[in-house]
Amino acid sequence: VFIVTRRLADRLQAARLTGFVMRPVEISTSEKFRDLYGDLELPEFVWIDIVGKAGGDDFGIHADGRLVVSRKALDVIKTTQLDHCEVEDFS
């Protein structure tokens, strides 16, 4: 499952990218999260359900389970914070 902030979801949609459907997602925090971060307000999140073909659409899932995105999609994603993510060329 891949979730993104509403801000990024809106940018992906505005770019008219293919291979995903935006769906609602319910987010909750654990007791440990609340202990560490108190009442930190999280942004709104959206589930991007990947339905495209890797290497054919802007978003797709490779046979090994990795997310594959087009250069155009990656450029949009990079306009926001991209932490804890490894990016490598798809061949």
# chains A, B, ... in the order shown; residues from 1 in each chain; ligands from 1
call {"tool": "residues_around", "arguments": {"residues": "Val69 in chain A", "least_positions_apart": "6", "cutoff": "10 Å", "atoms": "only C-alpha atoms", "output": "JSON, numbers by chain"}}
result
{"A": [17, 18, 19, 52, 53, 54, 55, 56, 57, 58, 59, 60, 61, 75, 77, 87, 89, 90]}
call {"tool": "select_by_dssp", "arguments": {"residues": "chain A", "states": "strand (DSSP E or B)", "output": "MDAnalysis selection string"}}
result
chainID A and resid 3:5 20:23 45:50 53 59:61 67:69
call {"tool": "select_by_dssp", "arguments": {"residues": "chain A", "states": "helix (DSSP H, G or I)", "output": "JSON, numbers by chain"}}
result
{"A": [6, 7, 8, 9, 10, 11, 12, 13, 14, 31, 32, 33, 34, 35, 36, 37, 71, 72, 73, 74, 75, 76, 77]}
call {"tool": "residues_around", "arguments": {"residues": "Phe2 in chain A", "least_positions_apart": "2", "cutoff": "10 Å", "atoms": "only C-alpha atoms", "output": "count of residues only"}}
result
7
call {"tool": "residues_around", "arguments": {"residues": "Pro43 in chain A", "least_positions_apart": "3", "cutoff": "10 Å", "atoms": "only C-alpha atoms", "output": "tab-separated table (two decimals) with C-alpha atoms, in the first residue's frame"}}
result
chain	number	residue	atom	x	y	z
A	4	VAL	CA	0.91	10.13	0.11
A	5	THR	CA	-0.10	13.47	1.51
A	6	ARG	CA	-3.12	15.19	0.01
A	7	ARG	CA	-0.71	17.87	-1.26
A	27	ILE	CA	-4.85	6.90	9.51
A	40	LEU	CA	1.17	16.42	16.59
A	46	VAL	CA	-4.53	9.58	0.36
